[in-house]
Structure formats: structure tokens, C-alpha cells
$ cat input_7.txt   # compact mmCIF, C-alpha atoms and all ligand atoms
# COMPACT_ATOMS: atom_id res chain seq x y z
CA MET Y 1245 -6.34 4.72 40.46
CA ALA Y 1246 -5.09 5.83 37.05
CA ASP Y 1247 -2.30 3.22 37.16
CA ASP Y 1248 -4.92 0.51 37.39
CA ILE Y 1249 -6.16 1.42 33.95
CA GLN Y 1250 -3.75 -0.04 31.40
CA PRO Y 1251 -4.00 -0.71 27.67
CA GLN Y 1252 -3.42 -4.20 26.33
CA PRO Y 1253 0.23 -5.34 26.14
CA GLY Y 1254 2.02 -4.12 23.03
CA ILE Y 1255 -0.12 -1.07 22.40
CA MET Y 1256 2.25 1.41 24.04
CA ASP Y 1257 5.07 0.00 21.84
CA ILE Y 1258 3.30 1.44 18.81
CA ALA Y 1259 4.76 4.77 17.74
CA LEU Y 1260 2.09 7.21 16.56
CA TYR Y 1261 1.82 6.96 12.78
CA GLU Y 1262 3.56 9.78 11.00
CA GLY Y 1263 1.71 10.25 7.77
CA GLY Y 1264 4.01 13.09 6.80
CA VAL Y 1265 3.21 16.75 6.38
CA SER Y 1266 0.55 17.94 3.97
CA SER Y 1267 1.07 21.68 4.22
CA LEU Y 1268 3.95 24.08 4.76
CA ALA Y 1269 3.68 27.19 6.91
CA GLY Y 1270 3.72 30.34 4.82
CA VAL Y 1271 4.02 28.51 1.48
CA SER Y 1272 1.20 28.54 -1.04
CA ASN Y 1273 1.06 26.40 -4.16
CA VAL Y 1274 2.27 23.35 -2.22
CA LEU Y 1275 2.99 20.25 -4.27
CA LYS Y 1276 2.33 17.14 -2.18
CA LEU Y 1277 4.27 14.14 -3.43
CA SER Y 1278 4.50 12.26 -0.15
CA SER Y 1279 1.59 9.79 -0.06
CA ASN Y 1280 1.67 8.03 -3.43
CA GLU Y 1281 -1.66 9.47 -4.52
CA ASN Y 1282 -2.82 9.54 -8.14
CA PRO Y 1283 -2.26 13.15 -9.29
CA ALA Y 1284 -5.17 12.84 -11.75
CA GLY Y 1285 -7.62 11.89 -8.98
CA PRO Y 1286 -10.57 9.56 -9.58
CA SER Y 1287 -12.20 8.96 -12.97
CA ASP Y 1288 -15.24 11.01 -14.06
CA ALA Y 1289 -17.40 7.90 -13.70
CA ALA Y 1290 -16.29 7.53 -10.08
CA LYS Y 1291 -16.97 11.20 -9.33
CA GLU Y 1292 -20.44 10.94 -10.86
CA ALA Y 1293 -21.22 7.86 -8.76
CA PHE Y 1294 -20.10 9.76 -5.67
CA SER Y 1295 -22.43 12.66 -6.52
CA ARG Y 1296 -25.37 10.31 -7.02
CA ALA Y 1297 -24.69 8.67 -3.64
CA VAL Y 1298 -25.55 11.97 -1.94
CA HIS Y 1299 -29.24 11.22 -2.50
CA GLN Y 1300 -29.11 8.10 -0.35
CA LEU Y 1301 -27.17 9.36 2.63
CA HIS Y 1302 -30.05 8.79 5.05
CA ARG Y 1303 -29.92 5.04 4.32
CA TYR Y 1304 -27.55 2.59 5.95
CA PRO Y 1305 -25.12 1.15 3.42
CA SER Y 1306 -25.17 -2.41 2.15
CA ALA Y 1307 -23.82 -4.68 4.87
CA ASP Y 1308 -22.54 -7.38 2.53
CA HIS Y 1309 -21.10 -5.15 -0.22
CA THR Y 1310 -22.65 -7.42 -2.86
CA SER Y 1311 -22.57 -4.94 -5.69
CA LEU Y 1312 -18.95 -3.85 -5.21
CA ARG Y 1313 -17.80 -7.44 -4.70
CA ALA Y 1314 -19.57 -8.45 -7.92
CA ALA Y 1315 -17.82 -5.65 -9.83
CA ILE Y 1316 -14.42 -6.64 -8.39
CA GLY Y 1317 -15.18 -10.25 -9.28
CA GLU Y 1318 -15.96 -9.36 -12.90
CA VAL Y 1319 -13.04 -7.03 -13.46
CA TRP Y 1320 -10.38 -9.14 -11.72
CA ASN Y 1321 -11.86 -12.51 -12.59
CA VAL Y 1322 -12.17 -13.61 -8.98
CA ASP Y 1323 -14.95 -15.27 -7.00
CA PRO Y 1324 -17.00 -12.43 -5.41
CA ASP Y 1325 -17.90 -14.70 -2.49
CA ARG Y 1326 -14.25 -14.70 -1.51
CA VAL Y 1327 -13.81 -10.91 -1.62
CA ILE Y 1328 -13.95 -8.83 1.58
CA CYS Y 1329 -14.10 -5.02 1.57
CA GLY Y 1330 -12.56 -2.79 4.19
CA VAL Y 1331 -11.95 0.79 5.21
CA GLY Y 1332 -8.76 0.99 3.21
CA SER Y 1333 -6.62 -2.11 2.86
CA ASP Y 1334 -5.32 -1.06 6.27
CA GLU Y 1335 -8.50 -2.42 7.78
CA ILE Y 1336 -8.04 -5.78 6.07
CA LEU Y 1337 -4.47 -5.97 7.39
CA HIS Y 1338 -5.81 -5.24 10.88
CA PHE Y 1339 -8.52 -7.89 10.45
CA MET Y 1340 -5.85 -10.46 9.58
CA CYS Y 1341 -3.96 -9.69 12.79
CA GLN Y 1342 -7.09 -9.53 14.96
CA CYS Y 1343 -8.25 -12.90 13.63
CA TYR Y 1344 -5.01 -14.84 13.55
CA VAL Y 1345 -2.54 -13.26 15.99
CA GLY Y 1346 -2.48 -13.30 19.78
CA VAL Y 1347 0.01 -12.81 22.59
CA GLY Y 1348 3.19 -14.78 21.90
CA ASP Y 1349 2.51 -15.15 18.19
CA GLU Y 1350 4.96 -13.83 15.63
CA VAL Y 1351 4.31 -11.87 12.46
CA ILE Y 1352 7.01 -11.49 9.85
CA HIS Y 1353 7.52 -8.35 7.81
CA THR Y 1354 10.52 -7.17 5.86
CA GLU Y 1355 13.09 -4.60 6.96
CA HIS Y 1356 11.72 -1.76 4.84
CA GLY Y 1357 8.14 -3.04 4.89
CA PHE Y 1358 4.98 -0.94 5.23
CA ALA Y 1359 4.45 0.52 8.75
CA ILE Y 1360 0.96 -0.88 9.31
CA TYR Y 1361 2.23 -4.49 9.50
CA ARG Y 1362 4.00 -3.73 12.76
CA ILE Y 1363 1.18 -1.56 14.12
CA ALA Y 1364 -1.51 -4.16 13.41
CA THR Y 1365 0.64 -6.91 14.92
CA LEU Y 1366 1.28 -5.02 18.15
CA ALA Y 1367 -2.37 -3.94 18.35
CA ALA Y 1368 -3.33 -7.62 18.33
CA GLY Y 1369 -0.79 -8.44 21.07
CA GLY Y 1370 1.63 -10.21 18.72
CA THR Y 1371 5.36 -9.84 18.18
CA PRO Y 1372 6.60 -8.28 14.94
CA VAL Y 1373 9.65 -10.03 13.48
CA GLU Y 1374 11.63 -7.86 11.10
CA VAL Y 1375 13.57 -9.69 8.39
CA PRO Y 1376 16.42 -8.11 6.40
CA GLU Y 1377 15.96 -7.39 2.71
CA ARG Y 1378 18.59 -7.98 0.04
CA GLU Y 1379 19.46 -4.74 -1.75
CA ARG Y 1380 16.08 -3.25 -0.72
CA THR Y 1381 14.22 -6.24 -2.19
CA THR Y 1382 12.24 -8.95 -0.36
CA ASP Y 1383 14.57 -11.83 0.54
CA VAL Y 1384 12.60 -15.09 0.51
CA ASP Y 1385 15.41 -17.16 2.05
CA ALA Y 1386 15.73 -14.72 4.96
CA ILE Y 1387 11.98 -14.89 5.56
CA LEU Y 1388 11.92 -18.68 5.50
CA ALA Y 1389 14.86 -18.77 7.91
CA ALA Y 1390 12.97 -16.47 10.33
CA CYS Y 1391 9.86 -18.67 10.48
CA THR Y 1392 9.18 -20.49 13.77
CA PRO Y 1393 6.32 -22.58 15.17
CA ARG Y 1394 4.91 -19.25 16.44
CA THR Y 1395 4.78 -17.56 13.03
CA LYS Y 1396 1.16 -16.79 12.17
CA LEU Y 1397 1.41 -14.25 9.35
CA VAL Y 1398 3.97 -13.21 6.76
CA PHE Y 1399 3.34 -9.80 5.19
CA ILE Y 1400 4.85 -9.01 1.80
CA ALA Y 1401 4.10 -5.90 -0.22
CA ASN Y 1402 4.69 -6.58 -3.90
CA PRO Y 1403 5.59 -4.01 -5.25
CA ASN Y 1404 7.08 -2.98 -1.95
CA ASN Y 1405 6.60 0.41 -0.31
CA PRO Y 1406 8.84 2.42 0.09
CA THR Y 1407 11.39 0.65 -2.13
CA GLY Y 1408 9.23 0.15 -5.23
CA THR Y 1409 10.97 -3.18 -5.87
CA MET Y 1410 9.18 -6.43 -6.70
CA ILE Y 1411 9.79 -10.15 -6.55
CA GLY Y 1412 8.55 -12.65 -9.15
CA GLN Y 1413 5.80 -15.23 -8.87
CA SER Y 1414 8.21 -18.16 -8.54
CA GLU Y 1415 9.69 -16.51 -5.45
CA ILE Y 1416 6.23 -15.94 -4.01
CA ALA Y 1417 5.30 -19.56 -4.69
CA ARG Y 1418 8.48 -20.66 -2.90
CA LEU Y 1419 7.44 -18.56 0.07
CA ALA Y 1420 3.90 -19.96 0.15
CA GLU Y 1421 5.27 -23.48 0.06
CA GLY Y 1422 8.02 -22.91 2.59
CA ILE Y 1423 6.22 -21.16 5.44
CA PRO Y 1424 5.06 -23.35 8.34
CA PRO Y 1425 1.59 -24.94 8.19
CA GLN Y 1426 0.04 -22.60 10.79
CA ALA Y 1427 1.13 -19.45 8.89
CA ILE Y 1428 -0.68 -17.39 6.25
CA LEU Y 1429 1.13 -15.43 3.52
CA VAL Y 1430 -0.48 -12.01 2.99
CA LEU Y 1431 0.35 -10.50 -0.42
CA ASP Y 1432 -0.22 -6.75 -0.18
CA GLY Y 1433 -0.89 -5.52 -3.71
CA ALA Y 1434 -1.53 -1.83 -2.94
CA TYR Y 1435 0.49 -0.88 -6.05
CA ALA Y 1436 -0.47 -3.88 -8.18
CA GLU Y 1437 -2.41 -1.86 -10.74
CA TYR Y 1438 0.74 0.03 -11.70
CA VAL Y 1439 2.48 -3.13 -12.89
CA GLU Y 1440 1.92 -4.13 -16.50
CA GLY Y 1441 0.31 -7.58 -16.73
CA TYR Y 1442 0.45 -7.94 -12.97
CA ASP Y 1443 0.13 -11.47 -11.77
CA ALA Y 1444 -1.43 -10.86 -8.37
CA GLY Y 1445 -0.65 -14.37 -7.23
CA LEU Y 1446 -4.22 -15.39 -8.02
CA ALA Y 1447 -3.21 -18.81 -9.28
CA LEU Y 1448 -1.43 -19.40 -6.02
CA ILE Y 1449 -4.46 -18.32 -4.00
CA GLU Y 1450 -6.63 -20.74 -5.98
CA GLU Y 1451 -4.18 -23.59 -5.41
CA ARG Y 1452 -3.47 -23.11 -1.73
CA ASP Y 1453 -5.29 -22.42 1.50
CA ASN Y 1454 -2.57 -20.28 3.09
CA VAL Y 1455 -2.34 -17.26 0.76
CA MET Y 1456 -4.35 -14.05 1.00
CA MET Y 1457 -4.18 -10.89 -1.13
CA THR Y 1458 -5.04 -7.27 -0.25
CA ARG Y 1459 -5.70 -4.36 -2.62
CA THR Y 1460 -6.61 -0.70 -2.36
CA PHE Y 1461 -8.60 2.03 -4.09
CA SER Y 1462 -6.27 4.68 -2.60
CA LYS Y 1463 -3.61 4.54 -5.31
CA ILE Y 1464 -4.38 4.18 -9.02
CA TYR Y 1465 -8.13 4.73 -8.49
CA GLY Y 1466 -7.40 8.10 -6.84
CA LEU Y 1467 -9.76 7.46 -3.92
CA GLY Y 1468 -7.50 7.66 -0.85
CA GLY Y 1469 -9.91 10.11 0.78
CA LEU Y 1470 -12.78 7.62 0.73
CA ARG Y 1471 -10.87 4.77 2.43
CA ILE Y 1472 -11.63 1.64 0.42
CA GLY Y 1473 -9.67 -1.59 0.20
CA TRP Y 1474 -10.39 -5.24 -0.45
CA GLY Y 1475 -8.99 -8.65 0.21
CA TYR Y 1476 -9.22 -11.97 -1.61
CA GLY Y 1477 -8.40 -15.37 -0.27
CA PRO Y 1478 -9.53 -18.82 0.74
CA ARG Y 1479 -13.21 -19.07 1.70
CA ALA Y 1480 -12.33 -20.11 5.26
CA ILE Y 1481 -10.17 -17.03 5.91
CA ILE Y 1482 -12.75 -14.65 4.43
CA ASP Y 1483 -15.42 -16.27 6.58
CA VAL Y 1484 -13.32 -15.73 9.72
CA MET Y 1485 -12.70 -12.06 8.92
CA ASN Y 1486 -16.36 -11.39 8.13
CA ARG Y 1487 -17.21 -12.42 11.69
CA ILE Y 1488 -15.29 -9.48 13.17
CA ARG Y 1489 -15.98 -6.97 10.39
CA GLY Y 1490 -18.45 -4.27 11.40
CA PRO Y 1491 -21.52 -4.86 9.20
CA PHE Y 1492 -21.57 -1.22 8.07
CA ASN Y 1493 -17.82 -0.69 7.84
CA MET Y 1494 -18.07 0.79 4.34
CA SER Y 1495 -20.05 3.96 3.64
CA SER Y 1496 -22.62 3.95 0.83
CA ALA Y 1497 -20.66 6.70 -0.96
CA ALA Y 1498 -17.48 4.63 -0.79
CA LEU Y 1499 -19.19 1.50 -2.10
CA ALA Y 1500 -20.86 3.26 -5.04
CA THR Y 1501 -17.75 5.23 -6.00
CA ALA Y 1502 -15.47 2.21 -5.83
CA GLU Y 1503 -17.82 0.18 -8.00
CA ALA Y 1504 -17.77 2.82 -10.74
CA ALA Y 1505 -13.99 3.21 -10.36
CA VAL Y 1506 -13.15 -0.47 -10.68
CA ARG Y 1507 -15.31 -0.82 -13.79
CA ASP Y 1508 -13.58 2.11 -15.52
CA THR Y 1509 -10.64 0.06 -16.72
CA ASP Y 1510 -9.86 2.47 -19.60
CA TYR Y 1511 -9.13 5.13 -17.02
CA THR Y 1512 -6.85 2.97 -14.89
CA GLU Y 1513 -4.95 1.83 -17.97
CA LYS Y 1514 -4.44 5.46 -19.00
CA CYS Y 1515 -3.16 6.30 -15.49
CA ARG Y 1516 -0.85 3.27 -15.48
CA LEU Y 1517 0.76 4.25 -18.80
CA GLU Y 1518 1.18 7.89 -17.82
CA ASN Y 1519 2.68 6.90 -14.47
CA ALA Y 1520 5.16 4.52 -16.14
CA ARG Y 1521 6.21 7.17 -18.66
CA LEU Y 1522 6.80 9.87 -16.03
CA ARG Y 1523 8.38 7.49 -13.53
CA GLU Y 1524 11.00 6.38 -16.07
CA TRP Y 1525 11.62 9.97 -17.10
CA MET Y 1526 12.04 11.16 -13.51
CA ALA Y 1527 14.18 8.20 -12.42
CA THR Y 1528 16.50 8.67 -15.40
CA ALA Y 1529 16.76 12.42 -14.89
CA LEU Y 1530 17.54 12.00 -11.19
CA ALA Y 1531 20.13 9.30 -11.90
CA GLU Y 1532 21.86 11.70 -14.32
CA LEU Y 1533 22.04 14.18 -11.45
CA GLY Y 1534 23.76 11.58 -9.26
CA VAL Y 1535 20.61 10.52 -7.39
CA PRO Y 1536 20.01 6.85 -8.26
CA SER Y 1537 16.99 4.71 -7.40
CA ASP Y 1538 16.13 1.04 -7.68
CA THR Y 1539 13.87 0.01 -10.55
CA SER Y 1540 10.43 0.99 -9.32
CA THR Y 1541 7.29 -0.79 -10.46
CA ALA Y 1542 4.97 1.52 -8.51
CA ASN Y 1543 3.95 5.21 -8.55
CA PHE Y 1544 6.96 6.49 -6.67
CA VAL Y 1545 10.73 6.36 -6.76
CA LEU Y 1546 13.02 5.92 -3.81
CA ALA Y 1547 15.77 8.45 -4.45
CA ARG Y 1548 19.10 7.54 -2.83
CA PHE Y 1549 21.47 10.24 -1.60
CA ALA Y 1550 25.09 10.02 -0.50
CA ASP Y 1551 24.11 10.06 3.16
CA THR Y 1552 21.42 11.13 5.61
CA ALA Y 1553 22.67 14.71 5.75
CA GLU Y 1554 22.37 15.11 1.98
CA ALA Y 1555 18.89 13.57 1.94
CA GLN Y 1556 17.75 15.94 4.68
CA ALA Y 1557 19.28 18.95 2.96
CA CYS Y 1558 17.58 18.03 -0.30
CA ASP Y 1559 14.28 17.54 1.53
CA GLN Y 1560 14.66 21.05 2.92
CA ALA Y 1561 15.52 22.47 -0.51
CA LEU Y 1562 12.34 20.88 -1.89
CA ARG Y 1563 10.25 22.26 0.99
CA ASP Y 1564 11.69 25.71 0.48
CA VAL Y 1565 9.96 25.77 -2.90
CA GLY Y 1566 6.79 24.11 -1.64
CA ILE Y 1567 7.43 20.48 -2.61
CA ILE Y 1568 6.66 17.83 0.02
CA VAL Y 1569 8.21 14.39 -0.45
CA ARG Y 1570 8.52 11.60 2.08
CA GLN Y 1571 11.45 11.16 4.41
CA VAL Y 1572 11.79 7.45 5.01
CA ALA Y 1573 13.93 7.39 8.14
CA GLY Y 1574 11.13 5.47 9.87
CA TYR Y 1575 11.62 2.75 7.25
CA LYS Y 1576 15.32 2.63 8.08
CA LEU Y 1577 16.25 4.43 4.89
CA PRO Y 1578 17.34 7.82 6.26
CA HIS Y 1579 19.55 8.50 3.23
CA CYS Y 1580 16.58 8.23 0.89
CA LEU Y 1581 13.55 10.31 -0.09
CA ARG Y 1582 10.44 8.68 -1.51
CA ILE Y 1583 8.99 10.81 -4.27
CA THR Y 1584 5.51 10.17 -5.68
CA VAL Y 1585 5.24 10.38 -9.46
CA GLY Y 1586 3.05 13.45 -9.95
CA ASP Y 1587 1.82 14.90 -13.21
CA GLU Y 1588 4.28 16.10 -15.84
CA SER Y 1589 4.79 19.58 -14.41
CA ALA Y 1590 5.24 18.14 -10.90
CA CYS Y 1591 7.95 15.76 -12.11
CA ARG Y 1592 9.70 18.60 -13.93
CA ARG Y 1593 9.52 20.80 -10.82
CA VAL Y 1594 11.08 18.04 -8.69
CA VAL Y 1595 13.91 17.38 -11.14
CA HIS Y 1596 14.56 21.09 -11.61
CA THR Y 1597 14.76 21.68 -7.85
CA ILE Y 1598 17.02 18.69 -7.22
CA ALA Y 1599 19.24 19.81 -10.12
CA GLN Y 1600 19.60 23.22 -8.50
CA PHE Y 1601 20.28 21.54 -5.16
CA LYS Y 1602 22.99 19.46 -6.78
CA GLY Y 1603 24.37 22.56 -8.44
CA ALA Y 1604 23.66 21.19 -11.89
CA LYS Y 1605 21.46 22.38 -14.72
CA ALA Y 1606 18.20 20.63 -15.68
N1 LIG Y 1701 -0.11 -1.34 1.78
C1 LIG Y 1701 0.86 -0.58 1.31
C2 LIG Y 1701 2.12 -1.22 0.86
C3 LIG Y 1701 0.70 0.83 1.25
O1 LIG Y 1701 1.69 1.59 0.78
C4 LIG Y 1701 -0.52 1.39 1.68
C5 LIG Y 1701 -0.77 2.88 1.66
N2 LIG Y 1701 0.27 3.69 1.87
C6 LIG Y 1701 -1.49 0.53 2.18
C7 LIG Y 1701 -1.28 -0.83 2.21
C8 LIG Y 1701 -2.78 1.03 2.77
O2 LIG Y 1701 -3.58 1.61 1.86
P1 LIG Y 1701 -5.08 2.01 2.20
O3 LIG Y 1701 -5.34 1.73 3.65
O4 LIG Y 1701 -5.17 3.45 1.86
O5 LIG Y 1701 -5.90 1.13 1.33
$ encode --input "input_7.txt" --output "C-alpha cells"
Amino acid sequence: MADDIQPQPGIMDIALYEGGVSSLAGVSNVLKLSSNENPAGPSDAAKEAFSRAVHQLHRYPSADHTSLRAAIGEVWNVDPDRVICGVGSDEILHFMCQCYVGVGDEVIHTEHGFAIYRIATLAAGGTPVEVPERERTTDVDAILAACTPRTKLVFIANPNNPTGTMIGQSEIARLAEGIPPQAILVLDGAYAEYVEGYDAGLALIEERDNVMMTRTFSKIYGLGGLRIGWGYGPRAIIDVMNRIRGPFNMSSAALATAEAAVRDTDYTEKCRLENARLREWMATALAELGVPSDTSTANFVLARFADTAEAQACDQALRDVGIIVRQVAGYKLPHCLRITVGDESACRRVVHTIAQFKGAKA
């Protein structure tokens, strides 16, 4: 009897998501630098909005997210009618696959691309197609060469996670122009707010009908715990996704907090500058210790070790003193550790521990 009950094809090919550890047995004062969270947390304005939302918890939330979409529209200079909000940008990525991918369809993601692209593709019955990167950076030619008449989506994170690297707008435009007519390019901008003068590809989205963008409140806005993301794209694609979106997918607390957060641009600018300062400091200090990284444009650095054994030993040395960073073996980078840029004392603690591990002085 039990054998008669089977999940949809593809689902059992999904490995359970390993979000990494968040605590260490027997260690207090744990420093978690494994999920690219903002060490400063949300702005005061966002926290106040969250507190006020408590008084309305008996009410269902807005089903059309009008107020949050209007705020996003004002701050990012986009048409609020073409914004869709989701339970983290993860939900938007899933919507894209549910709406546009079926059995036999292919979805392209890059070699070291974010894990959810593969999960969402398999969950929709599609086939993930992994394309090599060039020196841990998105390779547009390799992606174009991998496209087929079955390609439905192409996922690009820019900046990329876990590499931190970025490609320029001309490369993205080349991609949008070169993919087949039945395919949509999804620009995942989870770390966009960390890039000075970020060009989110908005001009491209306005010009074309095959480009979509996703964003999150989990990173610079410090709201990972509330699960809020958004997408922006052509009216037709947003309309399709809204048909499968649960009407009350976003909680009232999430909507109110995100609205206050997105309007507090002074706070995000302060966080961006502080992140850039500490990221450069940490990357330089690690490089001097013989642990190089590619130029990161996000809120983490991908530290490269001599080999997998050294990366694992360093990970253990960090854990021994209560510091959790991210092993990225699952992203086919077993000789690397992804380290979130924490606050100043966190960055100093990391550098100090790695210096001791390397037998040097910091
Ligand atoms: N895209 C990328 C590249 C990410 O790194 C993340 C979070 N780790 C997400 C999307 C999803 O973010 P969320 O669902 O928290 O909005």
C-alpha cells in the first residue's frame, strides 16, 4: 500500500536544505557569521512598526500588499503595480518555477549558484542545468551555450552567493538578449543593497519582457526572521505569479515592518558603508595571512584555503572559540569558508582566530 503513495517526480532528488549550524554544544557567546545577516539588525523605525503591528494581530493582513508595494515603488522608483511580495525572496523563486517550469523543462543556474534554484526547479518537476563559472564569476558565454529549446528560466544572483562576485550590466544585457524566446532571466538581487550605486537591471526590465528581478529584506534590512522578499518584472509575469500566490502569504507584522524598513534609507546607507569598510578590512587582513578571497560586493567574503583539509581545520579552529562560519562544500567550494561581515569586534575576532590558526600574529 505504502509503495502506491509516491511524491511527484524530482522531489526525492532534493537534498534536505542545510542551513548550517546556529549553536555549538557547550559553547556560550557564540558568534554566528554563517547566514549573511546584518549584525546591526533592523532599524529602530522597523522595530517600532513591528511593535505597533501587535495591536492588529486578530486581523487578516492585506491581501494585495498595497502599502508595502507603494513604499517599494517610491524608494526604488519602480511601478508598484509590477511588484509582488513573498515570504522571503525564496517564495518568489519558487513561484517562478511553479508558474513557468514543468516536467522536461530546463532551468539554468551557475556552478556555485544559490541552492534554492535547484530545489525550486526540482520541486516543480523541472531539470536543473548547472553551468560552469569562470574564476567563481558568472560566465555569460557558458550560459548562452547551455540554452536549449527546453530552457524556461535562467537564474543569476548578482552579486552571487557564495562567491560575492558580480557581473556588469552590459553582460546582463547580453544574457537577456541571447537567451531563447521562451526563457525568462531572473536577476536575484538579494545582496543588491550592499553595492554602491547598484544598477539592479531596472532599465533592462523596462525595455524587455523576459527579465525579472528578486530582492529580499533578509540582508541589509536585518529582517531575515520575518521572511520578506519582493519581485519586480513585466506586468504579464507578475499577473501570472499573483494567480498562484496565497492571498495572505505575508503576515501583517511583516508587511508593516518591511514598509518602515524600506523607507529608512539613511539606515540602509549607514549599514552599507559600515559593511564595505569592515569587508575591505577583513579581506585585506585575511589575504595578508595567506587566505585570499575574490573581490566581494556583498556582506560576506569567500575565504580560500590551500585545500579542503585546511578549510575544515580552520572551520574547526573557529568553532572551538565559538565562531560559526559557513562551509560551502555543498556549493562545490570545499576549500573555502564563507564568512559574513559582522560588526567590528566580530571581524577582529575572526581575523585573530585565523591568524592563530595560521600560526601568525594579528
Ligand atoms: N538569493 C540569494 C542569492 C540568497 O543568498 C538568499 C539568502 N541566503 C536568498 C535569495 C533568499 O533570501 P530570503 O528568502 O531570505 O529572502
$ residues_around --input "input_7.txt" --residues "range 1476-1490 of chain Y" --least-positions-apart "5" --cutoff "6 Å" --atoms "all atoms listed in the file" --output "PDB file with C-alpha atoms, keeping the file's coordinate frame"
ATOM      1  CA  ARG Y1326     -14.250 -14.700  -1.510  1.00  0.00           C
ATOM      2  CA  VAL Y1327     -13.810 -10.910  -1.620  1.00  0.00           C
ATOM      3  CA  ASP Y1453      -5.290 -22.420   1.500  1.00  0.00           C
ATOM      4  CA  MET Y1456      -4.350 -14.050   1.000  1.00  0.00           C
ATOM      5  CA  MET Y1457      -4.180 -10.890  -1.130  1.00  0.00           C
TER       6      MET Y1457
END
$ atom_distance --input "input_7.txt" --atom1 "CA of Gln1342 in chain Y" --atom2 "CA of Ile1249 in chain Y"
21.9 Å
$ residues_around --input "input_7.txt" --residues "Asp1508 in chain Y" --least-positions-apart "3" --cutoff "8 Å" --atoms "only C-alpha atoms" --output "short mmCIF file (atom, residue, chain, number, x, y, z; two decimals) with C-alpha atoms, keeping the file's coordinate frame"
data_model
loop_
_atom_site.label_atom_id
_atom_site.label_comp_id
_atom_site.auth_asym_id
_atom_site.auth_seq_id
_atom_site.Cartn_x
_atom_site.Cartn_y
_atom_site.Cartn_z
CA SER Y 1287 -12.20 8.96 -12.97
CA ALA Y 1289 -17.40 7.90 -13.70
CA ALA Y 1504 -17.77 2.82 -10.74
CA ALA Y 1505 -13.99 3.21 -10.36
CA TYR Y 1511 -9.13 5.13 -17.02
CA THR Y 1512 -6.85 2.97 -14.89
#
$ residues_near_ligand --input "input_7.txt" --ligand "ligand LIG 1701 (chain Y)" --cutoff "10 Å" --atoms "only C-alpha atoms and all ligand atoms" --output "ChimeraX atom specification"
/Y:1263,1278-1281,1330-1337,1357-1361,1399-1408,1431-1436,1458-1463,1467-1474,1542
$ closest_residue --input "input_7.txt" --among "Y:Gly1574, Y:Asp1551, Y:Thr1539, Y:Thr1501" --to "Pro1286 in chain Y" --atoms "only C-alpha atoms"
Y:Thr1501
$ atom_distance --input "input_7.txt" --atom1 "CA of Lys1291 in chain Y" --atom2 "CA of Val1506 in chain Y"
12.4 Å
$ closest_residue --input "input_7.txt" --among "Y:Lys1276, Y:Asp1247, Y:Ala1364, Y:Met1340" --to "Ala1259 in chain Y" --atoms "only C-alpha atoms"
Y:Ala1364
$ axis_aligned_box --input "input_7.txt" --around "range 1262-1281 of chain Y" --padding-each-side "6 Å" --output "JSON"
{"center_x": 1.4, "center_y": 19.2, "center_z": 3.2, "size_x": 18.2, "size_y": 34.3, "size_z": 27.5}
$ closest_residue --input "input_7.txt" --among "Y:Glu1377, Y:Lys1514, Y:Asp1323, Y:Gly1317" --to "Glu1450 in chain Y" --atoms "only C-alpha atoms"
Y:Asp1323
$ atom_distance --input "input_7.txt" --atom1 "CA of Gly1534 in chain Y" --atom2 "CA of Gln1556 in chain Y"
15.8 Å
$ residues_near_point --input "input_7.txt" --point "(2.9, -12.6, 20.5)" --cutoff "9 Å" --atoms "only C-alpha atoms" --output "MDAnalysis selection string"
chainID Y and resid 1254 1345:1351 1365:1366 1368:1372 1394
$ residues_around --input "input_7.txt" --residues "range 1595-1605 of chain Y" --least-positions-apart "2" --cutoff "10 Å" --atoms "only C-alpha atoms" --output "number ranges by chain"
Y: 1525-1527, 1529-1530, 1532-1535, 1554, 1557-1565, 1567, 1589-1593
$ write_last_selection --input "input_7.txt" --atoms "C-alpha atoms" --output "tab-separated table (two decimals), keeping the file's coordinate frame"
chain	number	residue	atom	x	y	z
Y	1525	TRP	CA	11.62	9.97	-17.10
Y	1526	MET	CA	12.04	11.16	-13.51
Y	1527	ALA	CA	14.18	8.20	-12.42
Y	1529	ALA	CA	16.76	12.42	-14.89
Y	1530	LEU	CA	17.54	12.00	-11.19
Y	1532	GLU	CA	21.86	11.70	-14.32
Y	1533	LEU	CA	22.04	14.18	-11.45
Y	1534	GLY	CA	23.76	11.58	-9.26
Y	1535	VAL	CA	20.61	10.52	-7.39
Y	1554	GLU	CA	22.37	15.11	1.98
Y	1557	ALA	CA	19.28	18.95	2.96
Y	1558	CYS	CA	17.58	18.03	-0.30
Y	1559	ASP	CA	14.28	17.54	1.53
Y	1560	GLN	CA	14.66	21.05	2.92
Y	1561	ALA	CA	15.52	22.47	-0.51
Y	1562	LEU	CA	12.34	20.88	-1.89
Y	1563	ARG	CA	10.25	22.26	0.99
Y	1564	ASP	CA	11.69	25.71	0.48
Y	1565	VAL	CA	9.96	25.77	-2.90
Y	1567	ILE	CA	7.43	20.48	-2.61
Y	1589	SER	CA	4.79	19.58	-14.41
Y	1590	ALA	CA	5.24	18.14	-10.90
Y	1591	CYS	CA	7.95	15.76	-12.11
Y	1592	ARG	CA	9.70	18.60	-13.93
Y	1593	ARG	CA	9.52	20.80	-10.82
$ closest_residue --input "input_7.txt" --among "Y:Gly1270, Y:Pro1324, Y:Pro1491, Y:Gly1475" --to "Val1430 in chain Y" --atoms "only C-alpha atoms"
Y:Gly1475
$ closest_residue --input "input_7.txt" --among "Y:Val1375, Y:Val1322, Y:Ile1363, Y:Leu1448" --to "Glu1415 in chain Y" --atoms "all atoms listed in the file"
Y:Leu1448
$ residues_near_point --input "input_7.txt" --point "(-19.7, 2.1, 2.6)" --cutoff "8 Å" --atoms "only C-alpha atoms" --output "PDB file with C-alpha atoms, keeping the file's coordinate frame"
ATOM      1  CA  PRO Y1305     -25.120   1.150   3.420  1.00  0.00           C
ATOM      2  CA  SER Y1306     -25.170  -2.410   2.150  1.00  0.00           C
ATOM      3  CA  HIS Y1309     -21.100  -5.150  -0.220  1.00  0.00           C
ATOM      4  CA  PHE Y1492     -21.570  -1.220   8.070  1.00  0.00           C
ATOM      5  CA  ASN Y1493     -17.820  -0.690   7.840  1.00  0.00           C
ATOM      6  CA  MET Y1494     -18.070   0.790   4.340  1.00  0.00           C
ATOM      7  CA  SER Y1495     -20.050   3.960   3.640  1.00  0.00           C
ATOM      8  CA  SER Y1496     -22.620   3.950   0.830  1.00  0.00           C
ATOM      9  CA  ALA Y1497     -20.660   6.700  -0.960  1.00  0.00           C
ATOM     10  CA  ALA Y1498     -17.480   4.630  -0.790  1.00  0.00           C
ATOM     11  CA  LEU Y1499     -19.190   1.500  -2.100  1.00  0.00           C
ATOM     12  CA  ALA Y1500     -20.860   3.260  -5.040  1.00  0.00           C
TER      13      ALA Y1500
END
$ residues_around --input "input_7.txt" --residues "Cys1391 in chain Y" --least-positions-apart "5" --cutoff "10 Å" --atoms "only C-alpha atoms" --output "PyMOL selection string"
chain Y and resi 1350-1352+1373+1375+1386+1396-1398+1422-1424+1427
$ closest_residue --input "input_7.txt" --among "Y:Glu1588, Y:Glu1503, Y:Gly1566, Y:Ala1315" --to "Phe1294 in chain Y" --atoms "all atoms listed in the file"
Y:Glu1503
$ residues_around --input "input_7.txt" --residues "range 1544-1546 of chain Y" --least-positions-apart "4" --cutoff "6 Å" --atoms "only C-alpha atoms" --output "VMD selection string"
chain Y and resid 1407 1537 1540 1581 to 1585
